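Read through the structure below, which is laid out as structure tokens, and then see the notes.
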Amino acid sequence: MTDDANILDAVVVGAGWAGLGVSYSLARQGLHHAVLERGRIGETWRTQRWDSFRMNTPNVQTVMPGDFYDGSDPFGALTRDQFVALLEDFARRNELPVEPDTVVTELSGGNRNGVYRLTTSRGTVLARNVVIASGDLNCPVRPVFAAALPLGLRQIDASDYRSAADLPAGAVLVVGSGQSDAQIAEELAEAGRRVFLATSRVGRLSRRYRGRDIMLWLVESGFLDVRRDEIIRLAGRIPPRGLLGVEHTISLQGLGAQGVVLLGRFAGVEDDGRLSFADDLEEHVRFADEASANVKRYIDEYISRSGIDAPFRNPTSGDCRSAAAESGCPFS
């Protein structure tokens, strides 16, 4: 920690992927700084991901600043624990000034001298610059009518889900059809659970397209270079992350073929205790399919402009699951 006589150049709040990356850059510039982490390095990845969780980026892209992938499985996906180990190794190798078990409770400033004051569980820290890298997915948000659900119905957030075996016996309703929701619904179905999926208006992506992992195309083509404020301006808000399977394509149609019962948006609880769902499933399926098609068109245009040799290929069963694979993954 520090006092008025020793003001840090910067403080980074959070020791995850982003926070450690910022610390690496600050260290390379010779700036005196500290990384304050409420728990351990990668705390969110340790405690808010399910047991079988894998990264949605291929290994070749799951690298830290200054590093590159030189393993034997460039298009595989790290597990939760492997990714935490990667973060820990990066911090150790680069001797980053991470201060674990340091909870930041208040940030004030800057005063006339441009100094920020951080109140933490271990004292006060002063710094000329503060970088908030605590992530934006740490606080679960439930619909207001969640409180009206029957008392005997166990409710958990995606951050608390660990495995199908940990849930009580019986059917499971998964609310939402973004990445985590659909991946969890698929895992539950494969475990033999009766699964209902309340869908939402979320786009989706194929896992592979024209011979490559979709994430490679999205980065190379500049699709992911759109600034956050531009997305908000166009959509009015940050849209939910599109549905993307880890090592294969997931679509609403594919989930239905696996036995998941697809429903419209979860609309609330009726007076007699029955759950209510909107009549918008067809709209959600269409929106997801159109989003996938739009991304593919963007990639097609990039490939054409760049003169890249990437012929169209029929999807293989390895990119699909269950009944969808039997017809060549028609919903990719």
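FYI, nothing fancy with the structure tokens labels: chains A, B, ... in order, residues from 1 per chain, ligands from 1 as they appear.
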Show me, as an MDAnalysis selection string, the residues that have an atom within 7 Å of range 45-57 of chain A when counting only C-alpha atoms, minus same-chain residues fewer than 6 positions from it. chainID A and resid 77:80 84 159:163 215 246
Closest contacts (range 247-328 of chain A/range 171-181 of chain A, max 10 Å, only C-alpha atoms) as a tab-separated table:
```
residue	atom	partner	partner_atom	distance
A:Ile250	CA	A:Gln179	CA	9.1
A:Ser251	CA	A:Ser177	CA	9.5
A:Leu252	CA	A:Ser177	CA	8.1
A:Val260	CA	A:Leu173	CA	9.9
A:Val261	CA	A:Leu173	CA	9.3
A:Leu262	CA	A:Ser177	CA	9.8
A:Leu263	CA	A:Val175	CA	9.5
A:Gly264	CA	A:Gly176	CA	9.5
A:Arg265	CA	A:Gly176	CA	7.7
A:Phe266	CA	A:Val175	CA	6.9
A:His284	CA	A:Ser177	CA	9.3
A:Ala288	CA	A:Ser177	CA	9.8
```
Writer output for current selection, C-alpha atoms, as a PDB file, in the first residue's frame:
```pdb
ATOM      1  CA  ILE A 250     -25.276 -24.486 -31.501  1.00  0.00           C
ATOM      2  CA  SER A 251     -28.565 -23.227 -32.889  1.00  0.00           C
ATOM      3  CA  LEU A 252     -32.065 -23.105 -31.472  1.00  0.00           C
ATOM      4  CA  VAL A 260     -34.880 -29.220 -25.655  1.00  0.00           C
ATOM      5  CA  VAL A 261     -38.386 -27.720 -25.551  1.00  0.00           C
ATOM      6  CA  LEU A 262     -38.167 -24.232 -27.055  1.00  0.00           C
ATOM      7  CA  LEU A 263     -40.384 -21.476 -25.677  1.00  0.00           C
ATOM      8  CA  GLY A 264     -40.813 -17.768 -26.223  1.00  0.00           C
ATOM      9  CA  ARG A 265     -39.637 -15.093 -23.814  1.00  0.00           C
ATOM     10  CA  PHE A 266     -40.357 -15.768 -20.143  1.00  0.00           C
ATOM     11  CA  HIS A 284     -36.280 -15.277 -31.995  1.00  0.00           C
ATOM     12  CA  ALA A 288     -30.735 -15.634 -34.706  1.00  0.00           C
TER      13      ALA A 288
END
```
If we count only C-alpha atoms and set the cut-off at 10 Å, which residues sit around Leu20 in chain A, ignoring sequence neighbours fewer than 2 positions away in its own chain? Please answer as an MDAnalysis selection string. chainID A and resid 12:18 22:26 35 41:42 64:65 87:88 90:91 94 96:98 133
Would you put the residues from that selection into a file with N, CA and C atoms, as a PDB file, in the first residue's frame?
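As written to disk, out-v9.pdb reads:
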```pdb
ATOM      1  N   VAL A  12      -4.752  -0.628 -11.053  1.00  0.00           N
ATOM      2  CA  VAL A  12      -5.652  -1.443 -11.858  1.00  0.00           C
ATOM      3  C   VAL A  12      -6.530  -2.239 -10.911  1.00  0.00           C
ATOM      4  N   VAL A  13      -7.836  -2.157 -11.080  1.00  0.00           N
ATOM      5  CA  VAL A  13      -8.769  -2.891 -10.228  1.00  0.00           C
ATOM      6  C   VAL A  13      -9.225  -4.134 -10.977  1.00  0.00           C
ATOM      7  N   GLY A  14      -8.765  -5.283 -10.526  1.00  0.00           N
ATOM      8  CA  GLY A  14      -9.133  -6.543 -11.160  1.00  0.00           C
ATOM      9  C   GLY A  14      -7.934  -7.236 -11.785  1.00  0.00           C
ATOM     10  N   ALA A  15      -7.739  -8.508 -11.441  1.00  0.00           N
ATOM     11  CA  ALA A  15      -6.610  -9.275 -11.971  1.00  0.00           C
ATOM     12  C   ALA A  15      -7.105 -10.417 -12.843  1.00  0.00           C
ATOM     13  N   GLY A  16      -7.915 -10.037 -13.827  1.00  0.00           N
ATOM     14  CA  GLY A  16      -8.357 -11.004 -14.825  1.00  0.00           C
ATOM     15  C   GLY A  16      -7.592 -10.791 -16.115  1.00  0.00           C
ATOM     16  N   TRP A  17      -8.189 -11.228 -17.207  1.00  0.00           N
ATOM     17  CA  TRP A  17      -7.543 -11.122 -18.522  1.00  0.00           C
ATOM     18  C   TRP A  17      -7.186  -9.668 -18.836  1.00  0.00           C
ATOM     19  N   ALA A  18      -8.147  -8.771 -18.701  1.00  0.00           N
ATOM     20  CA  ALA A  18      -7.918  -7.362 -19.039  1.00  0.00           C
ATOM     21  C   ALA A  18      -6.966  -6.692 -18.043  1.00  0.00           C
ATOM     22  N   VAL A  22      -3.367  -4.911 -18.897  1.00  0.00           N
ATOM     23  CA  VAL A  22      -3.055  -3.509 -18.649  1.00  0.00           C
ATOM     24  C   VAL A  22      -1.803  -3.396 -17.787  1.00  0.00           C
ATOM     25  N   SER A  23      -1.704  -4.218 -16.749  1.00  0.00           N
ATOM     26  CA  SER A  23      -0.528  -4.203 -15.876  1.00  0.00           C
ATOM     27  C   SER A  23       0.742  -4.487 -16.668  1.00  0.00           C
ATOM     28  N   TYR A  24       0.681  -5.419 -17.579  1.00  0.00           N
ATOM     29  CA  TYR A  24       1.829  -5.755 -18.418  1.00  0.00           C
ATOM     30  C   TYR A  24       2.302  -4.529 -19.195  1.00  0.00           C
ATOM     31  N   SER A  25       1.340  -3.794 -19.776  1.00  0.00           N
ATOM     32  CA  SER A  25       1.693  -2.598 -20.548  1.00  0.00           C
ATOM     33  C   SER A  25       2.264  -1.503 -19.657  1.00  0.00           C
ATOM     34  N   LEU A  26       1.679  -1.325 -18.462  1.00  0.00           N
ATOM     35  CA  LEU A  26       2.194  -0.323 -17.534  1.00  0.00           C
ATOM     36  C   LEU A  26       3.619  -0.662 -17.099  1.00  0.00           C
ATOM     37  N   VAL A  35      -1.979  -3.840  -8.925  1.00  0.00           N
ATOM     38  CA  VAL A  35      -3.204  -4.495  -9.392  1.00  0.00           C
ATOM     39  C   VAL A  35      -3.941  -4.999  -8.156  1.00  0.00           C
ATOM     40  N   ILE A  41      -6.098 -14.237  -8.482  1.00  0.00           N
ATOM     41  CA  ILE A  41      -5.987 -13.988  -9.919  1.00  0.00           C
ATOM     42  C   ILE A  41      -7.042 -14.827 -10.641  1.00  0.00           C
ATOM     43  N   GLY A  42      -7.802 -14.174 -11.519  1.00  0.00           N
ATOM     44  CA  GLY A  42      -8.853 -14.889 -12.240  1.00  0.00           C
ATOM     45  C   GLY A  42      -9.999 -15.335 -11.360  1.00  0.00           C
ATOM     46  N   MET A  64      -2.015 -14.027 -23.918  1.00  0.00           N
ATOM     47  CA  MET A  64      -1.839 -12.767 -23.228  1.00  0.00           C
ATOM     48  C   MET A  64      -0.919 -11.855 -24.032  1.00  0.00           C
ATOM     49  N   PRO A  65      -0.933 -10.540 -23.745  1.00  0.00           N
ATOM     50  CA  PRO A  65      -0.069  -9.607 -24.469  1.00  0.00           C
ATOM     51  C   PRO A  65       1.392 -10.037 -24.436  1.00  0.00           C
ATOM     52  N   LEU A  87      -3.417 -17.404 -16.675  1.00  0.00           N
ATOM     53  CA  LEU A  87      -3.347 -16.076 -16.052  1.00  0.00           C
ATOM     54  C   LEU A  87      -2.296 -16.046 -14.950  1.00  0.00           C
ATOM     55  N   GLU A  88      -2.304 -17.068 -14.124  1.00  0.00           N
ATOM     56  CA  GLU A  88      -1.335 -17.117 -13.027  1.00  0.00           C
ATOM     57  C   GLU A  88       0.093 -17.170 -13.559  1.00  0.00           C
ATOM     58  N   PHE A  90       1.175 -16.062 -16.415  1.00  0.00           N
ATOM     59  CA  PHE A  90       1.509 -14.772 -17.032  1.00  0.00           C
ATOM     60  C   PHE A  90       1.922 -13.761 -15.970  1.00  0.00           C
ATOM     61  N   ALA A  91       1.156 -13.690 -14.880  1.00  0.00           N
ATOM     62  CA  ALA A  91       1.481 -12.742 -13.802  1.00  0.00           C
ATOM     63  C   ALA A  91       2.825 -13.087 -13.166  1.00  0.00           C
ATOM     64  N   ASN A  94       5.914 -12.333 -15.583  1.00  0.00           N
ATOM     65  CA  ASN A  94       6.156 -10.913 -15.802  1.00  0.00           C
ATOM     66  C   ASN A  94       6.266 -10.128 -14.497  1.00  0.00           C
ATOM     67  N   LEU A  96       4.186  -9.263 -12.222  1.00  0.00           N
ATOM     68  CA  LEU A  96       3.193  -8.191 -12.122  1.00  0.00           C
ATOM     69  C   LEU A  96       2.817  -7.960 -10.662  1.00  0.00           C
ATOM     70  N   PRO A  97       2.617  -6.694 -10.267  1.00  0.00           N
ATOM     71  CA  PRO A  97       2.375  -6.349  -8.854  1.00  0.00           C
ATOM     72  C   PRO A  97       0.923  -6.570  -8.426  1.00  0.00           C
ATOM     73  N   VAL A  98       0.513  -7.831  -8.411  1.00  0.00           N
ATOM     74  CA  VAL A  98      -0.860  -8.167  -8.025  1.00  0.00           C
ATOM     75  C   VAL A  98      -0.960  -8.261  -6.506  1.00  0.00           C
ATOM     76  N   ALA A 133     -10.924  -2.715 -14.239  1.00  0.00           N
ATOM     77  CA  ALA A 133     -10.912  -3.930 -15.051  1.00  0.00           C
ATOM     78  C   ALA A 133     -11.580  -5.071 -14.290  1.00  0.00           C
TER      79      ALA A 133
END
```
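For the set A:Val202, A:Val226, A:Ile308, A:Ile299, the residue with the smallest atom-to-atom gap to Glu283 in chain A is A:Val202, counting only C-alpha atoms.
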Work out how far apart CA of Thr124 in chain A and CA of Gly30 in chain A are and give it in Å to one decimal.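 Separation of CA of Thr124 in chain A and CA of Gly30 in chain A: 22.7 Å.
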Determine the nearest neighbour of Asp300 in chain A from the options A:Glu247, A:Gln258, A:Asp70, A:Ser221, counting only C-alpha atoms. A:Ser221
Selection: 9 Å around Phe75 in chain A, only C-alpha atoms, excl. self and same-chain fewer than 3 positions, as a PyMOL selection string: chain A and resi 57-61+213+247
Selection near Gly203 in chain A, 7 Å with only C-alpha atoms, sequence-local residues under 3 positions removed, as number ranges by chain: A: 242-243, 287-288, 291-292
Could you turn the residues from that selection into a file that holds all heavy atoms, as a compact mmCIF listing (two decimals), in the first residue's frame?
```txt
# COMPACT_ATOMS: atom_id res chain seq x y z
N GLY A 242 -23.88 -13.00 -28.77
CA GLY A 242 -24.54 -13.98 -29.62
C GLY A 242 -24.23 -15.40 -29.21
O GLY A 242 -23.18 -15.70 -28.64
N LEU A 243 -25.14 -16.30 -29.52
CA LEU A 243 -24.98 -17.71 -29.20
C LEU A 243 -23.84 -18.31 -30.02
O LEU A 243 -23.83 -18.23 -31.25
CB LEU A 243 -26.29 -18.44 -29.49
CG LEU A 243 -26.26 -19.97 -29.50
CD1 LEU A 243 -25.70 -20.50 -28.20
CD2 LEU A 243 -27.66 -20.51 -29.76
N PHE A 287 -34.49 -14.18 -35.96
CA PHE A 287 -33.46 -13.17 -35.68
C PHE A 287 -32.09 -13.82 -35.56
O PHE A 287 -31.09 -13.29 -36.07
CB PHE A 287 -33.80 -12.44 -34.37
CG PHE A 287 -32.81 -11.37 -34.00
CD1 PHE A 287 -32.89 -10.10 -34.55
CD2 PHE A 287 -31.78 -11.64 -33.11
CE1 PHE A 287 -31.97 -9.12 -34.21
CE2 PHE A 287 -30.85 -10.67 -32.77
CZ PHE A 287 -30.95 -9.40 -33.33
N ALA A 288 -32.02 -14.95 -34.86
CA ALA A 288 -30.74 -15.63 -34.71
C ALA A 288 -30.19 -16.08 -36.05
O ALA A 288 -28.99 -15.92 -36.33
CB ALA A 288 -30.90 -16.83 -33.77
N ALA A 291 -28.95 -13.07 -38.04
CA ALA A 291 -27.68 -12.57 -37.51
C ALA A 291 -26.52 -13.43 -38.01
O ALA A 291 -25.47 -12.92 -38.41
CB ALA A 291 -27.72 -12.56 -35.99
N SER A 292 -26.71 -14.76 -38.01
CA SER A 292 -25.68 -15.66 -38.51
C SER A 292 -25.41 -15.40 -39.98
O SER A 292 -24.25 -15.34 -40.42
CB SER A 292 -26.12 -17.11 -38.30
OG SER A 292 -25.16 -18.01 -38.83
```
According to DSSP computed on the backbone, where in range 199-328 of chain A is there alpha helix (DSSP H)? Give the residues as a count of residues only. 52
Considering only strand (DSSP E) as DSSP defines it on the backbone, what residues of range 107-196 of chain A qualify? List them as a list in words.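 After running DSSP on the backbone, range 107-196 of chain A has strand (DSSP E) at Leu107, Ser108, Tyr116, Arg117, Leu118, Thr119, Thr120, Gly123, Thr124, Val125, Leu126, Ala127, Val130, Val131, Ile132, Val172, Leu173, Val174, Val175, Val195 and Phe196 of chain A.
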What would the file look like if the residues just selected were written as a PDB file, in the first residue's frame with N, CA, C and O atoms?
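The result, written out as result_0.pdb:
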```pdb
ATOM      1  N   LEU A 107     -13.971   4.679  -4.438  1.00  0.00           N
ATOM      2  CA  LEU A 107     -13.036   5.427  -5.289  1.00  0.00           C
ATOM      3  C   LEU A 107     -13.482   6.875  -5.309  1.00  0.00           C
ATOM      4  O   LEU A 107     -14.630   7.175  -5.627  1.00  0.00           O
ATOM      5  N   SER A 108     -12.583   7.771  -4.964  1.00  0.00           N
ATOM      6  CA  SER A 108     -12.908   9.202  -4.980  1.00  0.00           C
ATOM      7  C   SER A 108     -11.768   9.980  -5.620  1.00  0.00           C
ATOM      8  O   SER A 108     -10.639   9.506  -5.710  1.00  0.00           O
ATOM      9  N   TYR A 116      -6.283  10.231  -7.256  1.00  0.00           N
ATOM     10  CA  TYR A 116      -7.444   9.431  -6.866  1.00  0.00           C
ATOM     11  C   TYR A 116      -7.146   8.708  -5.550  1.00  0.00           C
ATOM     12  O   TYR A 116      -6.018   8.289  -5.299  1.00  0.00           O
ATOM     13  N   ARG A 117      -8.190   8.553  -4.759  1.00  0.00           N
ATOM     14  CA  ARG A 117      -8.072   7.855  -3.481  1.00  0.00           C
ATOM     15  C   ARG A 117      -8.944   6.601  -3.537  1.00  0.00           C
ATOM     16  O   ARG A 117     -10.151   6.683  -3.786  1.00  0.00           O
ATOM     17  N   LEU A 118      -8.330   5.465  -3.306  1.00  0.00           N
ATOM     18  CA  LEU A 118      -9.058   4.208  -3.264  1.00  0.00           C
ATOM     19  C   LEU A 118      -9.057   3.676  -1.848  1.00  0.00           C
ATOM     20  O   LEU A 118      -8.000   3.502  -1.227  1.00  0.00           O
ATOM     21  N   THR A 119     -10.260   3.437  -1.329  1.00  0.00           N
ATOM     22  CA  THR A 119     -10.400   2.826  -0.017  1.00  0.00           C
ATOM     23  C   THR A 119     -10.520   1.324  -0.213  1.00  0.00           C
ATOM     24  O   THR A 119     -11.382   0.848  -0.958  1.00  0.00           O
ATOM     25  N   THR A 120      -9.647   0.564   0.427  1.00  0.00           N
ATOM     26  CA  THR A 120      -9.627  -0.882   0.250  1.00  0.00           C
ATOM     27  C   THR A 120      -9.677  -1.581   1.595  1.00  0.00           C
ATOM     28  O   THR A 120      -9.567  -0.946   2.655  1.00  0.00           O
ATOM     29  N   GLY A 123      -6.416  -0.813   3.459  1.00  0.00           N
ATOM     30  CA  GLY A 123      -5.944   0.546   3.648  1.00  0.00           C
ATOM     31  C   GLY A 123      -6.281   1.437   2.470  1.00  0.00           C
ATOM     32  O   GLY A 123      -7.069   1.081   1.594  1.00  0.00           O
ATOM     33  N   THR A 124      -5.674   2.620   2.447  1.00  0.00           N
ATOM     34  CA  THR A 124      -5.926   3.615   1.406  1.00  0.00           C
ATOM     35  C   THR A 124      -4.793   3.623   0.391  1.00  0.00           C
ATOM     36  O   THR A 124      -3.614   3.514   0.751  1.00  0.00           O
ATOM     37  N   VAL A 125      -5.167   3.752  -0.861  1.00  0.00           N
ATOM     38  CA  VAL A 125      -4.199   3.801  -1.950  1.00  0.00           C
ATOM     39  C   VAL A 125      -4.429   5.086  -2.730  1.00  0.00           C
ATOM     40  O   VAL A 125      -5.570   5.456  -3.021  1.00  0.00           O
ATOM     41  N   LEU A 126      -3.358   5.785  -3.071  1.00  0.00           N
ATOM     42  CA  LEU A 126      -3.431   7.005  -3.872  1.00  0.00           C
ATOM     43  C   LEU A 126      -2.761   6.755  -5.211  1.00  0.00           C
ATOM     44  O   LEU A 126      -1.697   6.145  -5.288  1.00  0.00           O
ATOM     45  N   ALA A 127      -3.392   7.243  -6.267  1.00  0.00           N
ATOM     46  CA  ALA A 127      -2.848   7.028  -7.605  1.00  0.00           C
ATOM     47  C   ALA A 127      -3.273   8.155  -8.533  1.00  0.00           C
ATOM     48  O   ALA A 127      -4.331   8.763  -8.360  1.00  0.00           O
ATOM     49  N   VAL A 130      -6.497   5.480 -12.563  1.00  0.00           N
ATOM     50  CA  VAL A 130      -7.169   4.266 -12.130  1.00  0.00           C
ATOM     51  C   VAL A 130      -7.800   3.588 -13.347  1.00  0.00           C
ATOM     52  O   VAL A 130      -8.491   4.236 -14.134  1.00  0.00           O
ATOM     53  N   VAL A 131      -7.540   2.317 -13.495  1.00  0.00           N
ATOM     54  CA  VAL A 131      -8.134   1.518 -14.571  1.00  0.00           C
ATOM     55  C   VAL A 131      -9.074   0.499 -13.932  1.00  0.00           C
ATOM     56  O   VAL A 131      -8.642  -0.327 -13.117  1.00  0.00           O
ATOM     57  N   ILE A 132     -10.358   0.573 -14.274  1.00  0.00           N
ATOM     58  CA  ILE A 132     -11.335  -0.370 -13.752  1.00  0.00           C
ATOM     59  C   ILE A 132     -11.390  -1.567 -14.698  1.00  0.00           C
ATOM     60  O   ILE A 132     -11.846  -1.444 -15.836  1.00  0.00           O
ATOM     61  N   VAL A 172     -35.844 -28.815 -15.956  1.00  0.00           N
ATOM     62  CA  VAL A 172     -35.104 -27.568 -15.748  1.00  0.00           C
ATOM     63  C   VAL A 172     -35.560 -26.545 -16.786  1.00  0.00           C
ATOM     64  O   VAL A 172     -35.629 -26.842 -17.972  1.00  0.00           O
ATOM     65  N   LEU A 173     -35.862 -25.339 -16.323  1.00  0.00           N
ATOM     66  CA  LEU A 173     -36.150 -24.222 -17.215  1.00  0.00           C
ATOM     67  C   LEU A 173     -34.933 -23.321 -17.267  1.00  0.00           C
ATOM     68  O   LEU A 173     -34.493 -22.812 -16.233  1.00  0.00           O
ATOM     69  N   VAL A 174     -34.372 -23.135 -18.451  1.00  0.00           N
ATOM     70  CA  VAL A 174     -33.264 -22.213 -18.660  1.00  0.00           C
ATOM     71  C   VAL A 174     -33.839 -20.958 -19.300  1.00  0.00           C
ATOM     72  O   VAL A 174     -34.508 -21.037 -20.330  1.00  0.00           O
ATOM     73  N   VAL A 175     -33.588 -19.807 -18.699  1.00  0.00           N
ATOM     74  CA  VAL A 175     -34.157 -18.554 -19.182  1.00  0.00           C
ATOM     75  C   VAL A 175     -33.084 -17.769 -19.927  1.00  0.00           C
ATOM     76  O   VAL A 175     -32.073 -17.371 -19.344  1.00  0.00           O
ATOM     77  N   VAL A 195     -35.453 -30.487 -20.458  1.00  0.00           N
ATOM     78  CA  VAL A 195     -35.030 -29.089 -20.487  1.00  0.00           C
ATOM     79  C   VAL A 195     -36.017 -28.239 -21.279  1.00  0.00           C
ATOM     80  O   VAL A 195     -36.409 -28.594 -22.399  1.00  0.00           O
ATOM     81  N   PHE A 196     -36.405 -27.118 -20.686  1.00  0.00           N
ATOM     82  CA  PHE A 196     -37.195 -26.090 -21.361  1.00  0.00           C
ATOM     83  C   PHE A 196     -36.315 -24.855 -21.492  1.00  0.00           C
ATOM     84  O   PHE A 196     -35.636 -24.465 -20.539  1.00  0.00           O
TER      85      PHE A 196
END
```
